[in-house]
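Novice: Take a look at model_12.pdb, PDB, C-alpha atoms:
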ATOM      1  CA  MET W 656      64.054 -85.907 -77.717
ATOM      2  CA  SER W 657      62.822 -89.147 -76.337
ATOM      3  CA  THR W 658      65.106 -88.852 -73.306
ATOM      4  CA  THR W 659      63.768 -85.469 -72.388
ATOM      5  CA  VAL W 660      60.238 -86.680 -72.574
ATOM      6  CA  HIS W 661      61.086 -89.658 -70.406
ATOM      7  CA  VAL W 662      62.680 -87.478 -67.665
ATOM      8  CA  GLU W 663      59.820 -85.066 -67.635
ATOM      9  CA  THR W 664      57.427 -87.971 -67.404
ATOM     10  CA  GLU W 665      59.333 -89.401 -64.442
ATOM     11  CA  ALA W 666      59.365 -85.974 -62.787
ATOM     12  CA  GLU W 667      55.669 -85.581 -63.286
ATOM     13  CA  THR W 668      54.874 -89.086 -62.116
ATOM     14  CA  GLY W 669      57.347 -89.120 -59.157
ATOM     15  CA  THR W 670      57.534 -85.609 -57.749
ATOM     16  CA  GLY W 671      53.984 -84.667 -58.526
ATOM     17  CA  THR W 672      52.671 -87.835 -56.974
ATOM     18  CA  GLY W 673      54.655 -87.284 -53.749
ATOM     19  CA  THR W 674      53.499 -83.707 -53.354
ATOM     20  CA  GLY W 675      49.892 -84.614 -53.840
ATOM     21  CA  THR W 676      50.120 -87.410 -51.311
ATOM     22  CA  GLU W 677      51.585 -85.115 -48.652
ATOM     23  CA  ALA W 678      48.920 -82.475 -49.280
ATOM     24  CA  GLU W 679      46.183 -85.038 -49.056
ATOM     25  CA  ALA W 680      47.676 -86.445 -45.833
ATOM     26  CA  GLY W 681      47.935 -82.944 -44.274
ATOM     27  CA  THR W 682      44.370 -82.133 -45.228
ATOM     28  CA  GLY W 683      43.113 -85.425 -43.807
ATOM     29  CA  ALA W 684      44.999 -84.909 -40.504
ATOM     30  CA  ALA W 685      43.557 -81.420 -40.153
ATOM     31  CA  ALA W 686      40.071 -82.750 -40.794
ATOM     32  CA  VAL W 687      40.537 -85.505 -38.206
ATOM     33  CA  ARG W 688      41.884 -82.983 -35.673
ATOM     34  CA  ASP W 689      38.929 -80.658 -36.221
ATOM     35  CA  LEU W 690      36.453 -83.496 -35.810
ATOM     36  CA  ALA W 691      38.140 -84.814 -32.673
ATOM     37  CA  PRO W 692      36.658 -83.951 -29.222
ATOM     38  CA  PRO W 693      38.249 -81.085 -27.273
ATOM     39  CA  ALA W 694      40.089 -83.461 -24.950
ATOM     40  CA  ALA W 695      41.880 -85.107 -27.905
ATOM     41  CA  ARG W 696      43.025 -81.862 -29.542
ATOM     42  CA  ALA W 697      46.479 -80.375 -29.135
ATOM     43  CA  PRO W 698      47.001 -78.886 -25.635
ATOM     44  CA  GLY W 699      48.481 -75.687 -27.025
ATOM     45  CA  ARG W 700      45.220 -74.730 -28.732
ATOM     46  CA  THR W 701      42.984 -74.872 -25.595
ATOM     47  CA  PRO W 702      40.726 -71.768 -25.574
ATOM     48  CA  VAL W 703      40.979 -69.340 -22.644
ATOM     49  CA  ARG W 704      37.826 -69.315 -20.527
ATOM     50  CA  THR W 705      36.656 -66.522 -18.263
ATOM     51  CA  PRO W 706      36.106 -67.404 -14.564
ATOM     52  CA  ALA W 707      32.343 -66.976 -14.826
ATOM     53  CA  ALA W 708      31.521 -70.092 -12.808
ATOM     54  CA  PRO W 709      33.493 -69.103  -9.634
ATOM     55  CA  LEU W 710      32.007 -65.595  -9.760
ATOM     56  CA  ALA W 711      28.508 -67.013 -10.055
ATOM     57  CA  LEU W 712      29.171 -69.336  -7.124
ATOM     58  CA  ARG W 713      30.359 -66.445  -4.984
ATOM     59  CA  VAL W 714      27.275 -64.426  -5.854
ATOM     60  CA  LEU W 715      25.035 -67.361  -4.998
ATOM     61  CA  ARG W 716      26.808 -67.833  -1.658
ATOM     62  CA  VAL W 717      26.397 -64.159  -0.770
ATOM     63  CA  LEU W 718      22.718 -64.214  -1.723
ATOM     64  CA  ARG W 719      22.212 -67.383   0.277
ATOM     65  CA  ALA W 720      23.874 -65.894   3.356
ATOM     66  CA  VAL W 721      21.846 -62.680   3.082
ATOM     67  CA  GLY W 722      18.641 -64.630   2.589
ATOM     68  CA  LEU W 723      19.386 -66.874   5.553
ATOM     69  CA  ARG W 724      20.081 -63.922   7.845
ATOM     70  CA  SER W 725      17.049 -61.921   6.752
ATOM     71  CA  ALA W 726      14.581 -64.807   6.587
ATOM     72  CA  ALA W 727      13.467 -64.484  10.216
ATOM     73  CA  ILE W 728      13.080 -60.696   9.943
ATOM     74  CA  LEU W 729      11.077 -60.983   6.730
ATOM     75  CA  ALA W 730       8.871 -63.620   8.340
ATOM     76  CA  LEU W 731       8.275 -61.342  11.334
ATOM     77  CA  LEU W 732       7.358 -58.408   9.071
ATOM     78  CA  ALA W 733       5.002 -60.609   7.057
ATOM     79  CA  LEU W 734       3.322 -61.837  10.250
ATOM     80  CA  TRP W 735       3.097 -58.265  11.535
ATOM     81  CA  GLU W 736       1.419 -57.171   8.307
ATOM     82  CA  ALA W 737      -0.957 -60.123   8.071
ATOM     83  CA  ALA W 738      -2.087 -60.498  11.692
ATOM     84  CA  PRO W 739      -3.970 -57.160  11.988
ATOM     85  CA  ARG W 740      -5.472 -57.447   8.515
ATOM     86  CA  LEU W 741      -6.747 -60.975   9.165
ATOM     87  CA  GLY W 742      -8.241 -59.956  12.509
ATOM     88  CA  LEU W 743      -5.875 -62.042  14.598
ATOM     89  CA  VAL W 744      -5.044 -58.960  16.697
ATOM     90  CA  ASP W 745      -6.739 -55.603  17.118
ATOM     91  CA  ALA W 746      -5.413 -53.268  14.416
ATOM     92  CA  THR W 747      -6.040 -50.306  16.736
ATOM     93  CA  PHE W 748      -3.321 -51.423  19.134
ATOM     94  CA  LEU W 749      -1.088 -53.213  16.619
ATOM     95  CA  PRO W 750      -1.427 -51.552  13.199
ATOM     96  CA  PRO W 751       0.047 -53.270  10.132
ATOM     97  CA  VAL W 752       3.696 -52.673   9.440
ATOM     98  CA  SER W 753       2.811 -50.764   6.275
ATOM     99  CA  GLU W 754       0.960 -48.134   8.349
ATOM    100  CA  VAL W 755       3.924 -47.924  10.707
ATOM    101  CA  ALA W 756       6.200 -47.386   7.710
ATOM    102  CA  VAL W 757       3.957 -44.561   6.468
ATOM    103  CA  ALA W 758       4.002 -42.944   9.924
ATOM    104  CA  TRP W 759       7.791 -43.308  10.083
ATOM    105  CA  TRP W 760       8.136 -41.612   6.693
ATOM    106  CA  GLU W 761       5.880 -38.757   7.798
ATOM    107  CA  LEU W 762       7.934 -38.229  10.952
ATOM    108  CA  LEU W 763      11.083 -38.239   8.845
ATOM    109  CA  GLY W 764       9.589 -35.770   6.385
ATOM    110  CA  ASN W 765       8.456 -33.206   8.954
ATOM    111  CA  GLY W 766      11.777 -33.351  10.828
ATOM    112  CA  GLN W 767      10.463 -34.738  14.110
ATOM    113  CA  LEU W 768      12.271 -38.054  13.781
ATOM    114  CA  ALA W 769      15.621 -36.386  13.105
ATOM    115  CA  GLU W 770      15.154 -33.980  16.019
ATOM    116  CA  HIS W 771      14.275 -36.691  18.542
ATOM    117  CA  SER W 772      16.959 -39.062  17.258
ATOM    118  CA  LYS W 773      19.618 -36.360  17.501
ATOM    119  CA  ALA W 774      18.694 -35.604  21.121
ATOM    120  CA  SER W 775      18.742 -39.286  22.096
ATOM    121  CA  LEU W 776      22.012 -40.046  20.317
ATOM    122  CA  ALA W 777      23.761 -37.091  21.939
ATOM    123  CA  ARG W 778      22.761 -38.276  25.421
ATOM    124  CA  SER W 779      23.392 -41.947  24.739
ATOM    125  CA  PHE W 780      26.776 -41.581  23.048
ATOM    126  CA  GLY W 781      27.897 -38.999  25.597
ATOM    127  CA  GLY W 782      27.135 -41.265  28.536
ATOM    128  CA  PHE W 783      28.533 -44.299  26.739
ATOM    129  CA  GLY W 784      31.809 -42.525  25.940
ATOM    130  CA  ILE W 785      32.251 -41.395  29.536
ATOM    131  CA  ALA W 786      31.558 -44.923  30.782
ATOM    132  CA  VAL W 787      34.180 -46.432  28.458
ATOM    133  CA  ALA W 788      36.763 -43.816  29.447
ATOM    134  CA  VAL W 789      36.177 -44.522  33.159
ATOM    135  CA  ALA W 790      35.453 -48.245  33.280
ATOM    136  CA  VAL W 791      38.266 -49.634  31.096
ATOM    137  CA  PRO W 792      41.210 -48.069  33.025
ATOM    138  CA  LEU W 793      39.520 -48.786  36.351
ATOM    139  CA  GLY W 794      38.903 -52.389  35.342
ATOM    140  CA  LEU W 795      42.527 -52.827  34.287
ATOM    141  CA  LEU W 796      43.648 -51.402  37.618
ATOM    142  CA  ILE W 797      41.340 -53.585  39.700
ATOM    143  CA  GLY W 798      42.072 -56.711  37.668
ATOM    144  CA  TRP W 799      45.844 -56.326  37.884
ATOM    145  CA  TYR W 800      46.423 -55.095  41.447
ATOM    146  CA  ARG W 801      44.933 -57.378  44.058
ATOM    147  CA  PRO W 802      44.999 -54.864  46.938
ATOM    148  CA  VAL W 803      42.828 -52.507  44.868
ATOM    149  CA  ALA W 804      40.441 -55.382  44.093
ATOM    150  CA  ALA W 805      40.231 -56.299  47.781
ATOM    151  CA  LEU W 806      39.504 -52.674  48.693
ATOM    152  CA  LEU W 807      36.874 -51.917  46.048
ATOM    153  CA  GLY W 808      35.392 -55.408  45.640
ATOM    154  CA  PRO W 809      32.633 -55.147  48.297
ATOM    155  CA  LEU W 810      31.606 -51.690  47.098
ATOM    156  CA  LEU W 811      31.335 -52.929  43.514
ATOM    157  CA  GLU W 812      29.213 -55.876  44.599
ATOM    158  CA  VAL W 813      26.726 -53.542  46.298
ATOM    159  CA  PHE W 814      26.286 -51.140  43.399
ATOM    160  CA  ARG W 815      26.370 -53.605  40.517
ATOM    161  CA  ASN W 816      23.304 -55.380  41.932
ATOM    162  CA  THR W 817      21.345 -52.134  42.082
ATOM    163  CA  ALA W 818      19.368 -51.558  38.893
ATOM    164  CA  ALA W 819      19.977 -48.268  37.139
ATOM    165  CA  LEU W 820      16.270 -47.553  36.663
ATOM    166  CA  ALA W 821      15.730 -48.040  40.402
ATOM    167  CA  LEU W 822      18.122 -45.132  40.997
ATOM    168  CA  LEU W 823      16.505 -42.907  38.376
ATOM    169  CA  PRO W 824      14.420 -40.971  40.956
ATOM    170  CA  VAL W 825      17.594 -40.417  42.978
ATOM    171  CA  PHE W 826      19.426 -39.000  39.961
ATOM    172  CA  VAL W 827      16.456 -36.732  39.181
ATOM    173  CA  LEU W 828      16.288 -35.467  42.775
ATOM    174  CA  LEU W 829      20.026 -34.811  43.007
ATOM    175  CA  LEU W 830      20.732 -33.562  39.478
ATOM    176  CA  GLY W 831      17.362 -32.253  38.310
ATOM    177  CA  ILE W 832      15.354 -33.217  35.237
ATOM    178  CA  GLY W 833      17.783 -31.688  32.750
ATOM    179  CA  GLU W 834      20.458 -33.266  30.611
ATOM    180  CA  THR W 835      22.828 -33.991  33.502
ATOM    181  CA  SER W 836      20.582 -36.575  35.151
ATOM    182  CA  LYS W 837      19.902 -38.376  31.869
ATOM    183  CA  VAL W 838      23.567 -38.595  30.883
ATOM    184  CA  SER W 839      24.504 -39.640  34.425
ATOM    185  CA  ILE W 840      22.028 -42.518  34.499
ATOM    186  CA  VAL W 841      23.425 -43.731  31.175
ATOM    187  CA  VAL W 842      26.970 -43.569  32.561
ATOM    188  CA  TYR W 843      25.948 -45.518  35.651
ATOM    189  CA  ALA W 844      24.194 -48.210  33.613
ATOM    190  CA  CYS W 845      27.041 -48.594  31.106
ATOM    191  CA  VAL W 846      29.911 -48.705  33.600
ATOM    192  CA  TRP W 847      29.103 -52.086  35.068
ATOM    193  CA  PRO W 848      29.189 -54.346  31.980
ATOM    194  CA  ILE W 849      32.439 -52.745  30.823
ATOM    195  CA  LEU W 850      34.043 -52.755  34.262
ATOM    196  CA  LEU W 851      33.190 -56.355  35.144
ATOM    197  CA  ASN W 852      34.255 -57.725  31.765
ATOM    198  CA  THR W 853      37.533 -55.802  31.910
ATOM    199  CA  ILE W 854      38.318 -57.160  35.376
ATOM    200  CA  SER W 855      37.534 -60.681  34.192
ATOM    201  CA  ALA W 856      39.665 -60.272  31.055
ATOM    202  CA  VAL W 857      42.731 -59.120  32.996
ATOM    203  CA  GLY W 858      42.311 -61.788  35.669
ATOM    204  CA  ASN W 859      42.030 -64.560  33.074
ATOM    205  CA  ALA W 860      45.078 -63.553  31.049
ATOM    206  CA  ASP W 861      47.286 -66.475  30.047
ATOM    207  CA  PRO W 862      49.787 -66.883  32.915
ATOM    208  CA  THR W 863      52.319 -68.504  30.572
ATOM    209  CA  LEU W 864      52.417 -65.405  28.397
ATOM    210  CA  VAL W 865      52.686 -63.192  31.462
ATOM    211  CA  LYS W 866      55.614 -65.213  32.845
ATOM    212  CA  LEU W 867      57.297 -65.184  29.465
ATOM    213  CA  ALA W 868      56.935 -61.411  29.230
ATOM    214  CA  ARG W 869      58.331 -60.976  32.744
ATOM    215  CA  SER W 870      61.280 -63.180  31.887
ATOM    216  CA  MET W 871      62.081 -60.735  29.090
ATOM    217  CA  ASP W 872      62.268 -57.905  31.663
ATOM    218  CA  LEU W 873      59.284 -56.028  30.223
ATOM    219  CA  SER W 874      58.042 -53.132  32.296
ATOM    220  CA  THR W 875      54.442 -53.018  33.477
ATOM    221  CA  PRO W 876      53.317 -50.549  30.762
ATOM    222  CA  LYS W 877      54.991 -52.682  28.093
ATOM    223  CA  LEU W 878      53.433 -55.807  29.587
ATOM    224  CA  PHE W 879      49.994 -54.259  29.310
ATOM    225  CA  GLN W 880      50.659 -53.033  25.792
ATOM    226  CA  LYS W 881      52.120 -56.261  24.405
ATOM    227  CA  VAL W 882      50.299 -58.997  26.345
ATOM    228  CA  ILE W 883      47.411 -57.976  28.589
ATOM    229  CA  LEU W 884      45.517 -55.566  26.332
ATOM    230  CA  PRO W 885      45.657 -57.655  23.120
ATOM    231  CA  ALA W 886      44.511 -60.756  24.989
ATOM    232  CA  SER W 887      41.741 -58.822  26.770
ATOM    233  CA  VAL W 888      40.221 -57.082  23.739
ATOM    234  CA  PRO W 889      37.560 -59.742  22.942
ATOM    235  CA  VAL W 890      36.223 -59.919  26.499
ATOM    236  CA  ILE W 891      36.387 -56.148  26.996
ATOM    237  CA  PHE W 892      34.458 -55.560  23.786
ATOM    238  CA  THR W 893      31.802 -58.009  24.924
ATOM    239  CA  GLY W 894      31.161 -55.668  27.835
ATOM    240  CA  ILE W 895      31.329 -52.617  25.586
ATOM    241  CA  ARG W 896      28.715 -54.087  23.244
ATOM    242  CA  LEU W 897      26.457 -54.884  26.186
ATOM    243  CA  ALA W 898      26.924 -51.330  27.427
ATOM    244  CA  GLY W 899      26.033 -49.977  23.978
ATOM    245  CA  ALA W 900      22.666 -51.731  24.121
ATOM    246  CA  VAL W 901      22.103 -50.688  27.724
ATOM    247  CA  SER W 902      22.863 -47.037  26.925
ATOM    248  CA  ILE W 903      19.930 -46.836  24.521
ATOM    249  CA  LEU W 904      17.474 -48.844  26.605
ATOM    250  CA  VAL W 905      18.101 -46.944  29.828
ATOM    251  CA  LEU W 906      18.008 -43.609  28.039
ATOM    252  CA  VAL W 907      14.585 -44.312  26.545
ATOM    253  CA  ALA W 908      13.226 -44.991  30.019
ATOM    254  CA  ALA W 909      14.887 -41.843  31.361
ATOM    255  CA  GLU W 910      13.461 -39.707  28.543
ATOM    256  CA  MET W 911       9.949 -40.723  29.504
ATOM    257  CA  ILE W 912      10.354 -38.686  32.680
ATOM    258  CA  GLY W 913      10.762 -34.946  32.337
ATOM    259  CA  ALA W 914      12.144 -34.820  28.789
ATOM    260  CA  LYS W 915      10.991 -32.565  25.981
ATOM    261  CA  ALA W 916      12.857 -34.305  23.155
ATOM    262  CA  GLY W 917      14.199 -37.746  22.392
ATOM    263  CA  LEU W 918      12.898 -41.051  21.130
ATOM    264  CA  GLY W 919      11.657 -42.006  24.576
ATOM    265  CA  TYR W 920       9.682 -38.764  24.725
ATOM    266  CA  LEU W 921       8.305 -39.450  21.227
ATOM    267  CA  ILE W 922       7.108 -42.916  22.218
ATOM    268  CA  ASN W 923       5.552 -41.683  25.456
ATOM    269  CA  ALA W 924       3.838 -38.688  23.839
ATOM    270  CA  SER W 925       2.506 -40.830  20.990
ATOM    271  CA  GLN W 926       1.022 -43.246  23.492
ATOM    272  CA  PHE W 927      -0.746 -40.441  25.398
ATOM    273  CA  ASN W 928      -2.063 -38.943  22.163
ATOM    274  CA  PHE W 929      -3.117 -42.399  20.942
ATOM    275  CA  ALA W 930      -0.941 -42.026  17.847
ATOM    276  CA  ILE W 931      -0.116 -45.728  17.813
ATOM    277  CA  PRO W 932       1.659 -45.889  14.412
ATOM    278  CA  GLN W 933       3.993 -43.060  15.490
ATOM    279  CA  MET W 934       4.686 -44.933  18.722
ATOM    280  CA  TYR W 935       5.745 -48.051  16.833
ATOM    281  CA  ALA W 936       7.789 -45.911  14.438
ATOM    282  CA  GLY W 937       9.796 -44.646  17.412
ATOM    283  CA  ILE W 938      10.299 -48.194  18.680
ATOM    284  CA  VAL W 939      11.502 -49.379  15.261
ATOM    285  CA  THR W 940      13.907 -46.431  15.087
ATOM    286  CA  ILE W 941      15.412 -47.371  18.454
ATOM    287  CA  SER W 942      15.899 -50.952  17.274
ATOM    288  CA  ALA W 943      17.591 -49.793  14.062
ATOM    289  CA  ILE W 944      19.936 -47.478  15.980
ATOM    290  CA  GLY W 945      20.860 -50.253  18.389
ATOM    291  CA  LEU W 946      21.568 -52.658  15.532
ATOM    292  CA  ALA W 947      23.748 -50.145  13.681
ATOM    293  CA  PHE W 948      25.642 -49.242  16.864
ATOM    294  CA  ASN W 949      26.328 -52.906  17.580
ATOM    295  CA  GLN W 950      27.654 -53.470  14.047
ATOM    296  CA  ILE W 951      30.010 -50.508  14.432
ATOM    297  CA  LEU W 952      31.379 -51.967  17.671
ATOM    298  CA  VAL W 953      31.799 -55.396  16.039
ATOM    299  CA  THR W 954      33.793 -53.812  13.208
ATOM    300  CA  ILE W 955      36.057 -51.976  15.672
ATOM    301  CA  GLU W 956      36.581 -55.180  17.632
ATOM    302  CA  ARG W 957      37.655 -57.036  14.483
ATOM    303  CA  ARG W 958      40.125 -54.295  13.617
ATOM    304  CA  LEU W 959      41.647 -54.503  17.086
ATOM    305  CA  SER W 960      41.695 -58.320  17.088
ATOM    306  CA  THR W 961      43.507 -58.961  13.814
ATOM    307  CA  TRP W 962      45.976 -61.180  15.670
ATOM    308  CA  ARG W 963      43.271 -63.778  16.337
ATOM    309  CA  VAL W 964      43.273 -66.872  14.127
ATOM    310  CA  PRO W 965      39.844 -67.214  12.446
ATOM    311  CA  SER W 966      37.996 -70.366  13.402
TER     312      SER W 966
END
Is it possible to express this structure as structure tokens?
Specialist:
Amino acid sequence: MSTTVHVETEAETGTGTGTGTEAEAGTGAAAVRDLAPPAARAPGRTPVRTPAAPLALRVLRVLRAVGLRSAAILALLALWEAAPRLGLVDATFLPPVSEVAVAWWELLGNGQLAEHSKASLARSFGGFGIAVAVAVPLGLLIGWYRPVAALLGPLLEVFRNTAALALLPVFVLLLGIGETSKVSIVVYACVWPILLNTISAVGNADPTLVKLARSMDLSTPKLFQKVILPASVPVIFTGIRLAGAVSILVLVAAEMIGAKAGLGYLINASQFNFAIPQMYAGIVTISAIGLAFNQILVTIERRLSTWRVPS
């Protein structure tokens, strides 16, 4: 009986004491780990964080870029609105931009703006398309074959220095005051930037690449397809973008003579009727169309110049 009590006592005092010590040690370690800073905790228990900071930085960069690009335009609009109201300029001849916006909305609502814009875009894009279809192949031909350049060079020098608007009366006399004369003057004005830039692009092609292509026995069509055209795209599109702006500017001047529809006619008629806000609304519409057209051409140029290494 005494032996049994002694063993049980040893079991209680030995085993029970060891278990309690381990439990207390585990509890203390857990408490220390919980109180420790995040950097001292176990690496396997690091919480997963969402990439909110990079997304916020990207949004801030986009907003900063947009704000930087639009700051000058917003400043111009604010000056335009404030100058007539403060008496810095005569509001009769330069109404505030808010009045111009109201006039633009009225023209859009009654359908006049859409009608005139449609007429101008049809003439401008028609002449521009014809100019691209004619000037690019002709420029490639003149830039590549020297005998053709020697034959047509003097003729090109004569006509490229003759302003398109100076020949407008000639086009009207020969082709009448209808659509043909207006589209033809746009074609004439747009041909020269495209043609001259195409000739320059072909003439300035990298001679090392050309020699390398010839050493591979490439035919002339393959040479143009693989070497000349890809290298010439940036310069050619510079001329095309210039021609896009010229097509709208020249057309507006042509529509002021003998036209019954178009943005140029709208501006001219508004001036004669002393509807100054409508006149400025037409001018703003022309600027917006030119900006959108230029952005479209820039996008096409980037798609065709994917081989270029970004700077």
Novice: Please provide as a list in words all residues within 10 Å of segment 822-824 of chain W, with the sequence filter that same-chain residues fewer than 2 positions apart are discarded (counting only C-alpha atoms).
Specialist: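 After dropping sequence-adjacent residues, the list is Thr817, Ala818, Ala819, Leu820, Phe826, Val827, Leu828, Leu829, Leu830, Gly831, Ile832, Ser836, Lys837, Ser839, Ile840, Tyr843, Val905, Ala908, Ala909 and Ile912 of chain W.
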Novice: Quick check, in Å to one decimal: how far apart do atom CA of Lys877 of chain W and atom CA of Pro889 of chain W lie?
Specialist: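 Rounded to one decimal, the two atoms are 19.5 Å apart.
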Novice: Using all atoms listed in the file, find each residue of segment 867-889 of chain W with at least one atom at most 12 Å away from an atom of segment 935-958 of chain W; report its shortest atom-to-atom pair and that distance in Å (one decimal), sort the rows by chain and rising residue number, and return the result as a Markdown table.
Specialist:
| residue | atom | partner | partner_atom | distance |
| --- | --- | --- | --- | --- |
| W:Pro885 | CA | W:Glu956 | CA | 10.9 |
| W:Ser887 | CA | W:Glu956 | CA | 11.1 |
| W:Val888 | CA | W:Glu956 | CA | 7.4 |
| W:Pro889 | CA | W:Glu956 | CA | 7.1 |
Novice: Evaluate the PyMOL selection byres ((chain W and resi 902-904) around 7) on the structure here and hand back the selected residues as a PyMOL selection string.
Specialist: chain W and resi 779+783+841+844-845+898-901+905-908
Novice: Neighbours of segment 722-734 of chain W within 8 Å (all atoms listed in the file; same-chain residues fewer than 4 positions away dropped), as a PyMOL selection string?
Specialist: chain W and resi 718+738+752
Novice: How far is it from atom CA of Pro809 of chain W to atom CA of Phe879 of chain W, in Å with one decimal?
Specialist: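 Result for atom CA of Pro809 of chain W versus atom CA of Phe879 of chain W: 25.7 Å, one decimal.
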Novice: To one decimal place, how far is atom CA of Phe892 of chain W from atom CA of Arg869 of chain W in Å?
Specialist: 26.1 Å
Novice: Tell me, as number ranges by chain, which residues lie within 6 Å of segment 858-862 of chain W, counting only C-alpha atoms; anything in the same chain fewer than 3 positions away does not count.
Specialist: W: 798, 855, 865
